[in-house]
$ cat run14.cif   # mmCIF, C-alpha atoms and all ligand atoms
data_data
#
loop_
_atom_site.label_atom_id
_atom_site.label_comp_id
_atom_site.auth_asym_id
_atom_site.auth_seq_id
_atom_site.Cartn_x
_atom_site.Cartn_y
_atom_site.Cartn_z
CA MET U 1 0.00 0.00 0.00
CA ASN U 2 1.26 3.45 -0.83
CA TYR U 3 0.61 5.92 1.98
CA ALA U 4 2.17 9.06 0.52
CA PRO U 5 2.70 10.56 -2.92
CA ALA U 6 6.08 9.34 -4.12
CA HIS U 7 6.92 12.73 -5.61
CA VAL U 8 6.76 14.71 -2.37
CA ALA U 9 9.62 17.16 -2.00
CA TYR U 10 10.27 16.72 1.71
CA PHE U 11 11.50 19.81 3.54
CA ASP U 12 10.47 18.86 7.08
CA ASN U 13 13.51 16.98 8.32
CA ASN U 14 13.48 18.68 11.72
CA ALA U 15 10.08 17.02 12.28
CA THR U 16 11.24 13.60 11.21
CA THR U 17 13.54 12.02 8.65
CA ARG U 18 13.29 9.13 6.24
CA VAL U 19 14.90 5.96 7.56
CA ALA U 20 18.12 5.45 5.61
CA PRO U 21 18.04 2.30 3.46
CA GLU U 22 21.32 1.23 5.11
CA VAL U 23 19.58 1.48 8.49
CA VAL U 24 16.62 -0.63 7.32
CA GLU U 25 19.03 -3.23 6.00
CA ALA U 26 20.94 -3.37 9.30
CA MET U 27 17.68 -3.78 11.26
CA MET U 28 16.02 -6.48 9.18
CA PRO U 29 17.71 -9.60 10.62
CA PHE U 30 16.44 -8.65 14.07
CA PHE U 31 12.81 -8.89 12.94
CA GLY U 32 13.63 -12.32 11.48
CA GLU U 33 16.04 -15.01 12.47
CA SER U 34 17.95 -12.99 15.12
CA TYR U 35 15.09 -12.54 17.58
CA GLY U 36 16.97 -13.62 20.71
CA ASN U 37 16.67 -11.70 23.97
CA PRO U 38 20.00 -10.01 24.68
CA SER U 39 19.66 -10.81 28.40
CA SER U 40 19.57 -14.59 27.77
CA ILE U 41 22.46 -16.75 28.85
CA TYR U 42 22.59 -18.95 25.74
CA ARG U 43 24.48 -17.96 22.59
CA PHE U 44 21.33 -17.22 20.56
CA GLY U 45 20.75 -14.26 22.90
CA GLY U 46 24.42 -13.53 23.60
CA SER U 47 25.20 -12.89 19.95
CA VAL U 48 22.42 -10.29 19.87
CA ARG U 49 23.82 -8.71 23.05
CA ARG U 50 27.17 -8.20 21.35
CA LEU U 51 25.46 -6.36 18.49
CA VAL U 52 23.50 -4.18 20.93
CA GLU U 53 26.84 -3.28 22.51
CA ARG U 54 28.30 -2.48 19.12
CA ALA U 55 25.36 -0.13 18.51
CA ARG U 56 26.13 1.52 21.85
CA GLU U 57 29.69 2.08 20.63
CA GLN U 58 28.40 3.62 17.39
CA VAL U 59 26.15 6.05 19.28
CA ALA U 60 28.94 6.90 21.75
CA ALA U 61 31.37 7.55 18.88
CA LEU U 62 29.11 10.23 17.35
CA ILE U 63 29.43 12.38 20.49
CA GLY U 64 32.86 11.37 21.79
CA ALA U 65 31.45 9.42 24.77
CA SER U 66 32.33 6.03 26.24
CA PRO U 67 29.84 3.28 25.40
CA GLU U 68 28.93 2.68 29.06
CA GLU U 69 27.80 6.33 29.26
CA ILE U 70 25.00 5.66 26.73
CA VAL U 71 21.50 4.50 27.73
CA PHE U 72 19.01 3.48 25.04
CA THR U 73 15.55 4.99 25.50
CA SER U 74 12.30 5.08 23.52
CA CYS U 75 12.72 8.64 22.16
CA GLY U 76 14.31 12.02 22.64
CA SER U 77 11.50 13.06 24.97
CA GLU U 78 12.23 10.14 27.28
CA SER U 79 15.94 11.03 27.30
CA ASP U 80 15.10 14.61 28.30
CA ASN U 81 12.63 13.46 30.96
CA MET U 82 15.15 11.03 32.37
CA ALA U 83 17.77 13.77 32.81
CA LEU U 84 15.51 16.35 34.45
CA LYS U 85 13.39 13.99 36.56
CA GLY U 86 16.39 11.85 37.43
CA PHE U 87 18.25 14.90 38.75
CA PHE U 88 15.17 16.14 40.63
CA GLN U 89 14.64 12.77 42.33
CA GLU U 90 18.30 12.25 43.07
CA ARG U 91 18.40 15.59 44.90
CA GLY U 92 15.24 14.86 46.86
CA GLY U 93 13.30 17.59 45.08
CA LYS U 94 15.49 20.42 46.43
CA THR U 95 16.64 21.62 43.08
CA LYS U 96 16.99 24.63 40.86
CA ILE U 97 16.42 24.14 37.17
CA VAL U 98 17.67 26.78 34.76
CA THR U 99 16.50 26.37 31.22
CA THR U 100 15.66 28.57 28.23
CA ALA U 101 12.43 30.07 26.91
CA VAL U 102 12.84 28.27 23.58
CA GLU U 103 13.32 24.65 24.67
CA HIS U 104 11.35 21.89 23.02
CA PRO U 105 8.32 20.83 25.12
CA ALA U 106 10.24 17.67 26.07
CA VAL U 107 12.37 19.91 28.33
CA ARG U 108 10.06 22.89 28.81
CA SER U 109 7.01 20.93 29.97
CA THR U 110 9.13 18.60 32.09
CA ALA U 111 10.79 21.54 33.84
CA ARG U 112 7.39 23.16 34.42
CA PHE U 113 6.04 19.86 35.76
CA LEU U 114 8.93 19.74 38.23
CA LYS U 115 8.29 23.36 39.18
CA GLY U 116 4.81 22.24 40.18
CA ARG U 117 6.49 19.73 42.49
CA GLY U 118 8.76 22.23 44.17
CA ALA U 119 11.71 22.85 41.85
CA ASP U 120 12.86 26.46 41.52
CA LEU U 121 12.63 27.15 37.77
CA THR U 122 14.24 29.92 35.71
CA GLU U 123 13.64 30.19 31.96
CA LEU U 124 16.34 32.31 30.36
CA PRO U 125 15.14 34.77 27.69
CA VAL U 126 16.63 34.84 24.20
CA ASP U 127 17.34 37.77 21.91
CA GLY U 128 15.50 38.73 18.72
CA GLU U 129 17.48 36.15 16.75
CA GLY U 130 16.62 33.40 19.22
CA MET U 131 20.14 33.39 20.62
CA LEU U 132 21.29 32.97 24.19
CA SER U 133 24.26 35.00 25.33
CA PRO U 134 27.31 33.02 26.52
CA SER U 135 27.07 35.13 29.69
CA ALA U 136 23.39 34.23 30.27
CA LEU U 137 24.17 32.42 33.52
CA GLY U 138 26.24 35.33 34.82
CA ALA U 139 24.01 36.94 37.42
CA LEU U 140 22.03 33.87 38.43
CA GLY U 141 22.44 32.25 41.82
CA ILE U 142 23.37 28.77 40.71
CA GLY U 143 25.38 26.07 42.45
CA PRO U 144 25.59 22.34 43.11
CA ASP U 145 21.81 22.14 43.59
CA THR U 146 21.26 23.42 40.02
CA LEU U 147 20.70 21.68 36.71
CA VAL U 148 21.19 23.92 33.69
CA SER U 149 19.46 22.58 30.59
CA ALA U 150 20.03 24.40 27.30
CA MET U 151 19.37 22.90 23.90
CA TRP U 152 22.31 22.51 21.51
CA ALA U 153 20.25 23.65 18.54
CA ASN U 154 16.71 24.93 18.22
CA ASN U 155 14.25 22.82 16.25
CA GLU U 156 12.35 25.81 14.82
CA THR U 157 15.08 28.27 13.88
CA GLY U 158 18.17 26.05 13.86
CA ALA U 159 19.91 28.53 16.23
CA VAL U 160 22.99 26.90 17.74
CA PHE U 161 23.58 27.96 21.34
CA PRO U 162 27.09 28.66 22.73
CA ILE U 163 27.00 25.32 24.55
CA LYS U 164 30.69 25.15 25.43
CA GLU U 165 30.62 28.54 27.19
CA LEU U 166 27.34 27.78 28.94
CA ALA U 167 28.49 24.33 30.11
CA GLU U 168 31.79 25.74 31.35
CA ALA U 169 30.00 28.56 33.22
CA ALA U 170 27.61 26.06 34.83
CA LYS U 171 30.39 23.66 35.80
CA ALA U 172 32.56 26.45 37.22
CA ARG U 173 29.83 27.05 39.78
CA GLY U 174 29.29 23.39 40.59
CA ALA U 175 26.01 23.01 38.65
CA LEU U 176 25.19 20.12 36.35
CA PHE U 177 24.71 20.69 32.64
CA HIS U 178 22.22 18.96 30.36
CA THR U 179 21.72 19.60 26.66
CA ASP U 180 18.97 18.48 24.32
CA ALA U 181 21.05 17.63 21.26
CA VAL U 182 18.17 16.02 19.36
CA GLN U 183 18.41 18.48 16.44
CA ALA U 184 22.17 18.94 16.54
CA ALA U 185 23.27 15.31 16.33
CA GLY U 186 24.61 14.55 12.89
CA LYS U 187 24.46 18.23 11.85
CA ALA U 188 26.95 19.77 14.27
CA VAL U 189 30.12 18.38 15.82
CA ILE U 190 29.39 17.20 19.37
CA ASP U 191 32.30 16.07 21.50
CA VAL U 192 31.68 15.54 25.21
CA ARG U 193 35.44 15.20 25.73
CA LYS U 194 35.81 18.88 24.86
CA VAL U 195 32.57 20.28 26.31
CA PRO U 196 31.80 19.57 29.98
CA ILE U 197 28.30 18.21 29.48
CA ASP U 198 26.89 15.86 32.13
CA MET U 199 23.77 14.70 30.31
CA LEU U 200 22.60 14.83 26.70
CA ALA U 201 19.55 13.67 24.74
CA LEU U 202 19.44 12.13 21.24
CA SER U 203 16.56 10.90 19.08
CA GLY U 204 16.72 8.29 16.33
CA HIS U 205 14.09 9.67 13.98
CA LYS U 206 15.85 13.00 13.54
CA LEU U 207 18.91 11.29 12.11
CA HIS U 208 17.52 8.70 9.69
CA ALA U 209 16.74 5.94 12.22
CA PRO U 210 13.12 5.01 12.99
CA LYS U 211 10.72 6.80 15.32
CA GLY U 212 10.52 5.31 18.80
CA ILE U 213 14.20 4.99 19.67
CA GLY U 214 16.43 7.46 21.47
CA ALA U 215 19.56 7.57 23.54
CA ALA U 216 20.73 9.47 26.59
CA TYR U 217 24.30 10.25 27.54
CA PHE U 218 25.20 10.39 31.23
CA ARG U 219 28.79 11.28 32.03
CA ALA U 220 30.30 8.68 34.37
CA GLY U 221 29.31 9.72 37.89
CA ALA U 222 26.43 11.99 36.80
CA PRO U 223 23.44 11.70 39.15
CA ILE U 224 21.05 9.42 37.36
CA ARG U 225 17.86 7.78 38.52
CA ALA U 226 15.78 5.40 36.47
CA ILE U 227 12.32 6.66 35.62
CA ILE U 228 11.25 3.26 34.29
CA HIS U 229 11.68 0.57 36.94
CA GLY U 230 11.72 -3.17 36.40
CA GLY U 231 14.49 -5.42 35.13
CA HIS U 232 18.22 -4.78 35.10
CA GLN U 233 18.56 -3.76 31.47
CA GLU U 234 20.81 -0.84 30.51
CA GLY U 235 22.90 -1.35 33.64
CA GLY U 236 19.83 -0.83 35.85
CA ARG U 237 19.30 2.65 34.40
CA ARG U 238 16.31 1.90 32.19
CA ALA U 239 14.17 -1.23 32.58
CA GLY U 240 12.48 -3.01 29.69
CA THR U 241 13.62 -5.67 27.24
CA GLU U 242 15.81 -3.91 24.70
CA ASN U 243 14.20 -2.84 21.41
CA VAL U 244 16.91 -4.68 19.54
CA PRO U 245 16.08 -3.86 15.88
CA TYR U 246 15.72 -0.16 16.68
CA ILE U 247 18.87 -0.09 18.79
CA ILE U 248 20.75 -1.62 15.87
CA GLY U 249 19.08 1.01 13.67
CA ILE U 250 20.10 4.03 15.74
CA GLY U 251 23.63 2.64 16.00
CA ARG U 252 23.93 2.33 12.22
CA ALA U 253 22.29 5.76 11.76
CA CYS U 254 24.86 7.37 14.08
CA GLU U 255 27.66 5.71 12.15
CA LEU U 256 26.20 7.01 8.88
CA ALA U 257 25.65 10.49 10.38
CA ALA U 258 29.30 10.73 11.40
CA GLY U 259 30.29 9.96 7.81
CA ARG U 260 27.78 12.43 6.34
CA MET U 261 28.47 15.42 8.55
CA ALA U 262 30.76 17.00 5.97
CA GLU U 263 28.02 16.69 3.34
CA GLU U 264 25.52 18.35 5.73
CA ASP U 265 27.94 21.21 6.12
CA THR U 266 28.64 21.67 2.41
CA ARG U 267 26.03 20.35 -0.04
CA VAL U 268 23.03 20.61 2.31
CA ARG U 269 24.17 24.03 3.57
CA ALA U 270 24.57 25.27 -0.01
CA MET U 271 21.06 24.10 -0.95
CA ARG U 272 19.63 25.72 2.20
CA ASP U 273 21.44 28.98 1.45
CA ARG U 274 20.24 29.02 -2.15
CA LEU U 275 16.67 28.37 -1.05
CA GLU U 276 16.81 31.00 1.68
CA GLY U 277 18.47 33.62 -0.52
CA ALA U 278 15.90 33.15 -3.28
CA LEU U 279 12.87 33.29 -0.97
CA LEU U 280 14.12 36.41 0.82
CA ALA U 281 14.81 38.09 -2.52
CA ARG U 282 11.67 37.05 -4.40
CA CYS U 283 8.90 37.07 -1.80
CA ALA U 284 7.67 40.45 -0.64
CA GLY U 285 7.65 40.96 3.12
CA ALA U 286 9.95 37.97 3.79
CA LYS U 287 12.19 38.02 6.86
CA LEU U 288 14.56 35.44 8.32
CA ASN U 289 13.86 34.16 11.83
CA GLY U 290 16.99 33.09 13.66
CA PRO U 291 20.66 33.98 13.59
CA PRO U 292 22.14 34.27 10.08
CA ALA U 293 25.37 32.49 11.00
CA ALA U 294 25.18 30.45 14.23
CA ARG U 295 22.68 28.04 12.76
CA LEU U 296 22.29 24.40 11.77
CA PRO U 297 23.25 23.97 8.11
CA ASN U 298 19.90 22.40 7.17
CA THR U 299 17.36 24.83 8.64
CA THR U 300 15.78 28.06 7.45
CA ASN U 301 12.78 29.71 9.07
CA ILE U 302 11.21 32.60 7.18
CA SER U 303 8.17 34.76 7.95
CA PHE U 304 6.03 36.27 5.20
CA GLU U 305 4.37 39.33 6.68
CA ASN U 306 0.61 39.30 7.11
CA ILE U 307 -0.21 35.85 5.78
CA GLU U 308 -1.18 32.67 7.60
CA GLY U 309 1.54 30.03 7.83
CA GLU U 310 -1.02 27.22 7.69
CA ALA U 311 -2.41 28.55 4.41
CA VAL U 312 1.09 28.58 2.93
CA LEU U 313 1.55 24.95 4.01
CA LEU U 314 -1.68 23.87 2.31
CA HIS U 315 -0.64 25.55 -0.95
CA LEU U 316 2.81 23.98 -0.71
CA ASP U 317 1.15 20.62 -0.12
CA GLU U 318 -0.85 21.11 -3.31
CA ALA U 319 2.46 21.65 -5.09
CA GLY U 320 3.83 18.40 -3.59
CA ILE U 321 6.07 20.15 -1.08
CA ALA U 322 6.15 19.30 2.65
CA ALA U 323 7.32 21.97 5.09
CA SER U 324 6.14 23.14 8.46
CA SER U 325 4.82 26.17 10.22
CA GLY U 326 6.39 26.82 13.60
CA SER U 327 7.22 23.48 15.16
CA ALA U 328 5.56 20.31 13.90
CA CYS U 329 4.81 19.51 17.51
CA THR U 330 2.73 22.68 17.85
CA THR U 331 0.95 22.40 14.52
CA GLY U 332 -2.77 22.35 15.20
CA ALA U 333 -2.48 24.92 17.97
CA LEU U 334 -3.61 28.38 16.97
CA GLU U 335 -1.08 30.23 19.09
CA PRO U 336 2.14 31.35 17.41
CA SER U 337 4.97 29.13 18.58
CA HIS U 338 6.56 29.84 21.96
CA VAL U 339 9.88 30.20 20.15
CA MET U 340 8.65 33.06 17.96
CA MET U 341 7.02 34.67 21.00
CA ALA U 342 10.21 34.39 23.06
CA MET U 343 12.12 36.06 20.20
CA GLY U 344 9.66 38.94 20.25
CA VAL U 345 8.67 38.37 16.61
CA PRO U 346 5.70 40.69 15.90
CA TYR U 347 2.31 38.98 15.53
CA SER U 348 2.03 39.70 11.79
CA TYR U 349 5.28 37.81 11.25
CA ALA U 350 4.99 35.17 13.99
CA HIS U 351 1.84 33.75 12.40
CA SER U 352 3.47 33.32 9.04
CA SER U 353 6.71 31.59 9.92
CA ILE U 354 7.56 28.68 7.65
CA ARG U 355 10.37 26.26 8.40
CA PHE U 356 12.16 24.44 5.62
CA SER U 357 14.50 21.78 6.99
CA LEU U 358 16.64 19.80 4.57
CA SER U 359 18.59 16.55 4.65
CA VAL U 360 21.14 14.76 2.51
CA TYR U 361 18.21 13.25 0.58
CA ASN U 362 17.10 16.61 -0.83
CA THR U 363 18.01 17.56 -4.37
CA GLU U 364 18.66 20.81 -6.23
CA GLU U 365 15.59 20.08 -8.34
CA GLU U 366 13.43 20.01 -5.21
CA VAL U 367 14.90 23.35 -4.12
CA ASP U 368 13.99 24.73 -7.56
CA ARG U 369 10.40 23.58 -7.04
CA VAL U 370 10.08 25.52 -3.78
CA ILE U 371 11.70 28.61 -5.28
CA ALA U 372 9.28 28.43 -8.21
CA ALA U 373 6.19 27.88 -6.05
CA MET U 374 6.62 30.27 -3.12
CA PRO U 375 6.45 33.77 -4.68
CA GLY U 376 3.08 32.98 -6.31
CA ILE U 377 1.68 31.48 -3.10
CA VAL U 378 2.76 34.48 -1.05
CA GLU U 379 1.32 36.92 -3.57
CA LYS U 380 -2.00 35.10 -3.76
CA LEU U 381 -2.41 34.79 0.01
CA ARG U 382 -1.43 38.39 0.57
CA ARG U 383 -4.20 39.51 -1.77
CA LEU U 384 -6.67 37.47 0.29
CA SER U 385 -5.17 38.41 3.64
CA PRO U 386 -7.56 39.65 6.33
CA PHE U 387 -4.57 41.43 7.89
CA VAL U 388 -4.05 43.84 4.98
CA GLY U 389 -6.48 46.76 5.07
N1 LIG U 401 13.98 17.85 21.44
C1 LIG U 401 13.95 18.51 20.27
C2 LIG U 401 14.82 19.72 20.09
C3 LIG U 401 13.11 18.08 19.25
O1 LIG U 401 13.08 18.74 18.09
C4 LIG U 401 12.29 16.94 19.47
C5 LIG U 401 11.33 16.50 18.42
O2 LIG U 401 10.80 17.29 17.68
C6 LIG U 401 12.39 16.27 20.70
C7 LIG U 401 13.25 16.76 21.66
C8 LIG U 401 11.59 15.05 20.98
O3 LIG U 401 12.13 13.92 20.35
P1 LIG U 401 11.21 12.62 20.15
O4 LIG U 401 10.25 12.95 19.06
O5 LIG U 401 12.17 11.53 19.78
O6 LIG U 401 10.56 12.35 21.46
#

$ encode --input "run14.cif" --output "structure tokens" --more "lines below"
Ligand code: PLP
Amino acid sequence: MNYAPAHVAYFDNNATTRVAPEVVEAMMPFFGESYGNPSSIYRFGGSVRRLVERAREQVAALIGASPEEIVFTSCGSESDNMALKGFFQERGGKTKIVTTAVEHPAVRSTARFLKGRGADLTELPVDGEGMLSPSALGALGIGPDTLVSAMWANNETGAVFPIKELAEAAKARGALFHTDAVQAAGKAVIDVRKVPIDMLALSGHKLHAPKGIGAAYFRAGAPIRAIIHGGHQEGGRRAGTENVPYIIGIGRACELAAGRMAEEDTRVRAMRDRLEGALLARCAGAKLNGPPAARLPNTTNISFENIEGEAVLLHLDEAGIAASSGSACTTGALEPSHVMMAMGVPYSYAHSSIRFSLSVYNTEEEVDRVIAAMPGIVEKLRRLSPFVG
């Protein structure tokens, strides 16, 4: 059965990515003959265990970690929850959490949930480009009771935070540092040997592995508490029989991502820049959201003054182009995204922000299609706009 038009030009890779054929191939045996339980004592399970451990090495290698510092989870959201809730529980609830106004709900809602249970929460503001200053922690009263959680890269704008400076500032005052690296992994160099991060979240489906698998990094000695209790899997850190095919998949995807990072930074960046340059030049009232330079190479977020983002998406869909308005996770909500609001983007622009997020599977021809379609769509919608008097 075919569920989607084969010709779709897919520009929504920050929402999810296609599973790489190499990843599917690596996973297949584990749906078939290699169905052993990695915890079993006999060789039929033991051989699977060795491959799970190899996948752990592949994930660790992408971020410069040791394999035993990696825990497999069900998704990026679980990895984020595990870090924040684990820290909160470990410290008996007497905690400060410092995070940013533009975090993904996986961190933002979790931090707010913990605030409701007694944590002292600070959400750091960002500037008009969605950036956090390296000195953002400067005046705050933080110490060993504090967890600072700042995302490596923003899912809506692609803004890359000064994580090294922030982590060093947090560590210098005895705080712990967590980063949601779900969007950065595979698109930016992450090396926990060079940046003093204690905890980090990854998600499979943002880097060409399937949905429903994630990983968390916990530096050796970091305070970590299981949030799923049961068996002794994952060194007692996360109970539940391992999702072997998906673990193999995220391992292979991390290996591929490491090999494709240069392509993300050159070919994908060049396509993104060409797309962005053309849309800003050819569409009236277009404005970039996010920092021009400190940004993921695959993401552009552009507002088209006084038109509805959702209407643009429907017209793009008609033209066989998939993109998103605000964050995919907030699509359906009528409010402009919390990221645009935190950046102080005026209402007439915040409602019309469109994110195009590319991957190595995009082609120049697909970029041409967007460049050809957008000016007409913007012009048509502007004529119909209730905002224009
Ligand atoms: N963090 C960021 C920055 C994200 O973009 C997302 C997904 O959109 C998540 C966390 C959640 O990841 P998952 O969908 O694997 O739970």

$ closest_atom_pairs --input "run14.cif" --of "chain U" --to "ligand LIG 401 (chain U)" --cutoff "9 Å" --atoms "all atoms listed in the file" --output "tab-separated table"
residue	atom	partner	partner_atom	distance
U:Asn14	CA	U:LIG401	O1	6.4
U:Ala15	CA	U:LIG401	O2	5.5
U:Thr16	CA	U:LIG401	O2	7.5
U:Ser74	CA	U:LIG401	O5	7.5
U:Cys75	CA	U:LIG401	O5	3.8
U:Gly76	CA	U:LIG401	O5	3.6
U:Ser77	CA	U:LIG401	O6	3.7
U:Glu78	CA	U:LIG401	O6	6.4
U:Ser79	CA	U:LIG401	O6	8.0
U:Asp80	CA	U:LIG401	C7	7.2
U:Glu103	CA	U:LIG401	C2	6.9
U:His104	CA	U:LIG401	C2	5.0
U:Pro105	CA	U:LIG401	C7	7.3
U:Ala106	CA	U:LIG401	C7	5.4
U:Val107	CA	U:LIG401	N1	7.4
U:Met151	CA	U:LIG401	C2	6.7
U:Trp152	CA	U:LIG401	C2	8.1
U:Ala153	CA	U:LIG401	C2	6.9
U:Asn154	CA	U:LIG401	C2	5.8
U:Asn155	CA	U:LIG401	O1	4.6
U:Glu156	CA	U:LIG401	O1	7.8
U:Asp180	CA	U:LIG401	N1	5.8
U:Ala181	CA	U:LIG401	C2	6.7
U:Val182	CA	U:LIG401	C1	5.0
U:Gln183	CA	U:LIG401	C2	5.3
U:Ala184	CA	U:LIG401	C2	8.2
U:Ala201	CA	U:LIG401	C7	7.7
U:Leu202	CA	U:LIG401	O5	7.4
U:Ser203	CA	U:LIG401	O5	4.5
U:Gly204	CA	U:LIG401	O5	6.6
U:His205	CA	U:LIG401	O5	6.4
U:Lys206	CA	U:LIG401	O5	7.4
U:Lys211	CA	U:LIG401	O5	6.7
U:Gly212	CA	U:LIG401	O5	6.5
U:Ile213	CA	U:LIG401	O5	6.8
U:Gly214	CA	U:LIG401	O5	6.1
U:Ser327	CA	U:LIG401	O2	7.6
U:Ala328	CA	U:LIG401	O2	7.1
U:Cys329	CA	U:LIG401	O2	6.4

$ residues_around --input "run14.cif" --residues "region 277-282 of chain U" --least-positions-apart "6" --cutoff "9 Å" --atoms "all atoms listed in the file" --output "list in words"
Leu288, Ile302, Val370, Ile371, Met374 and Pro375 of chain U

$ write_last_selection --input "run14.cif" --atoms "C-alpha atoms" --output "PDB file, in the frame of the given file"
ATOM      1  CA  LEU U 288      14.560  35.440   8.320  1.00  0.00           C
ATOM      2  CA  ILE U 302      11.210  32.600   7.180  1.00  0.00           C
ATOM      3  CA  VAL U 370      10.080  25.520  -3.780  1.00  0.00           C
ATOM      4  CA  ILE U 371      11.700  28.610  -5.280  1.00  0.00           C
ATOM      5  CA  MET U 374       6.620  30.270  -3.120  1.00  0.00           C
ATOM      6  CA  PRO U 375       6.450  33.770  -4.680  1.00  0.00           C
TER       7      PRO U 375
END

$ residues_around --input "run14.cif" --residues "region 359-362 of chain U" --least-positions-apart "4" --cutoff "12 Å" --atoms "all atoms listed in the file" --output "JSON, numbers by chain"
{"U": [7, 8, 9, 10, 11, 12, 13, 14, 15, 16, 17, 18, 19, 20, 21, 183, 186, 187, 206, 207, 208, 256, 257, 259, 260, 261, 262, 263, 264, 265, 266, 267, 268, 269, 270, 271, 272, 275, 296, 297, 298, 299, 321, 322, 366, 367, 368, 369, 370]}

$ write_last_selection --input "run14.cif" --atoms "C-alpha atoms" --output "compact mmCIF listing (two decimals), in the frame of the given file"
# COMPACT_ATOMS: atom_id res chain seq x y z
CA HIS U 7 6.92 12.73 -5.61
CA VAL U 8 6.76 14.71 -2.37
CA ALA U 9 9.62 17.16 -2.00
CA TYR U 10 10.27 16.72 1.71
CA PHE U 11 11.50 19.81 3.54
CA ASP U 12 10.47 18.86 7.08
CA ASN U 13 13.51 16.98 8.32
CA ASN U 14 13.48 18.68 11.72
CA ALA U 15 10.08 17.02 12.28
CA THR U 16 11.24 13.60 11.21
CA THR U 17 13.54 12.02 8.65
CA ARG U 18 13.29 9.13 6.24
CA VAL U 19 14.90 5.96 7.56
CA ALA U 20 18.12 5.45 5.61
CA PRO U 21 18.04 2.30 3.46
CA GLN U 183 18.41 18.48 16.44
CA GLY U 186 24.61 14.55 12.89
CA LYS U 187 24.46 18.23 11.85
CA LYS U 206 15.85 13.00 13.54
CA LEU U 207 18.91 11.29 12.11
CA HIS U 208 17.52 8.70 9.69
CA LEU U 256 26.20 7.01 8.88
CA ALA U 257 25.65 10.49 10.38
CA GLY U 259 30.29 9.96 7.81
CA ARG U 260 27.78 12.43 6.34
CA MET U 261 28.47 15.42 8.55
CA ALA U 262 30.76 17.00 5.97
CA GLU U 263 28.02 16.69 3.34
CA GLU U 264 25.52 18.35 5.73
CA ASP U 265 27.94 21.21 6.12
CA THR U 266 28.64 21.67 2.41
CA ARG U 267 26.03 20.35 -0.04
CA VAL U 268 23.03 20.61 2.31
CA ARG U 269 24.17 24.03 3.57
CA ALA U 270 24.57 25.27 -0.01
CA MET U 271 21.06 24.10 -0.95
CA ARG U 272 19.63 25.72 2.20
CA LEU U 275 16.67 28.37 -1.05
CA LEU U 296 22.29 24.40 11.77
CA PRO U 297 23.25 23.97 8.11
CA ASN U 298 19.90 22.40 7.17
CA THR U 299 17.36 24.83 8.64
CA ILE U 321 6.07 20.15 -1.08
CA ALA U 322 6.15 19.30 2.65
CA GLU U 366 13.43 20.01 -5.21
CA VAL U 367 14.90 23.35 -4.12
CA ASP U 368 13.99 24.73 -7.56
CA ARG U 369 10.40 23.58 -7.04
CA VAL U 370 10.08 25.52 -3.78

$ axis_aligned_box --input "run14.cif" --around "region 110-116 of chain U" --padding-each-side "5 Å" --output "JSON"
{"center_x": 7.8, "center_y": 21.0, "center_z": 36.1, "size_x": 16.0, "size_y": 14.8, "size_z": 18.1}

$ residues_around --input "run14.cif" --residues "Arg295 (chain U)" --least-positions-apart "6" --cutoff "8 Å" --atoms "all atoms listed in the file" --output "list in words"
Ala153, Thr157, Gly158, Ala159 and Val160 of chain U

$ atom_distance --input "run14.cif" --atom1 "CA of His351 (chain U)" --atom2 "CA of Glu305 (chain U)"
8.4 Å

$ closest_residue --input "run14.cif" --among "U:Gly116, U:Gly128, U:Pro134, U:Pro67" --to "Val339 (chain U)" --atoms "only C-alpha atoms"
U:Gly128
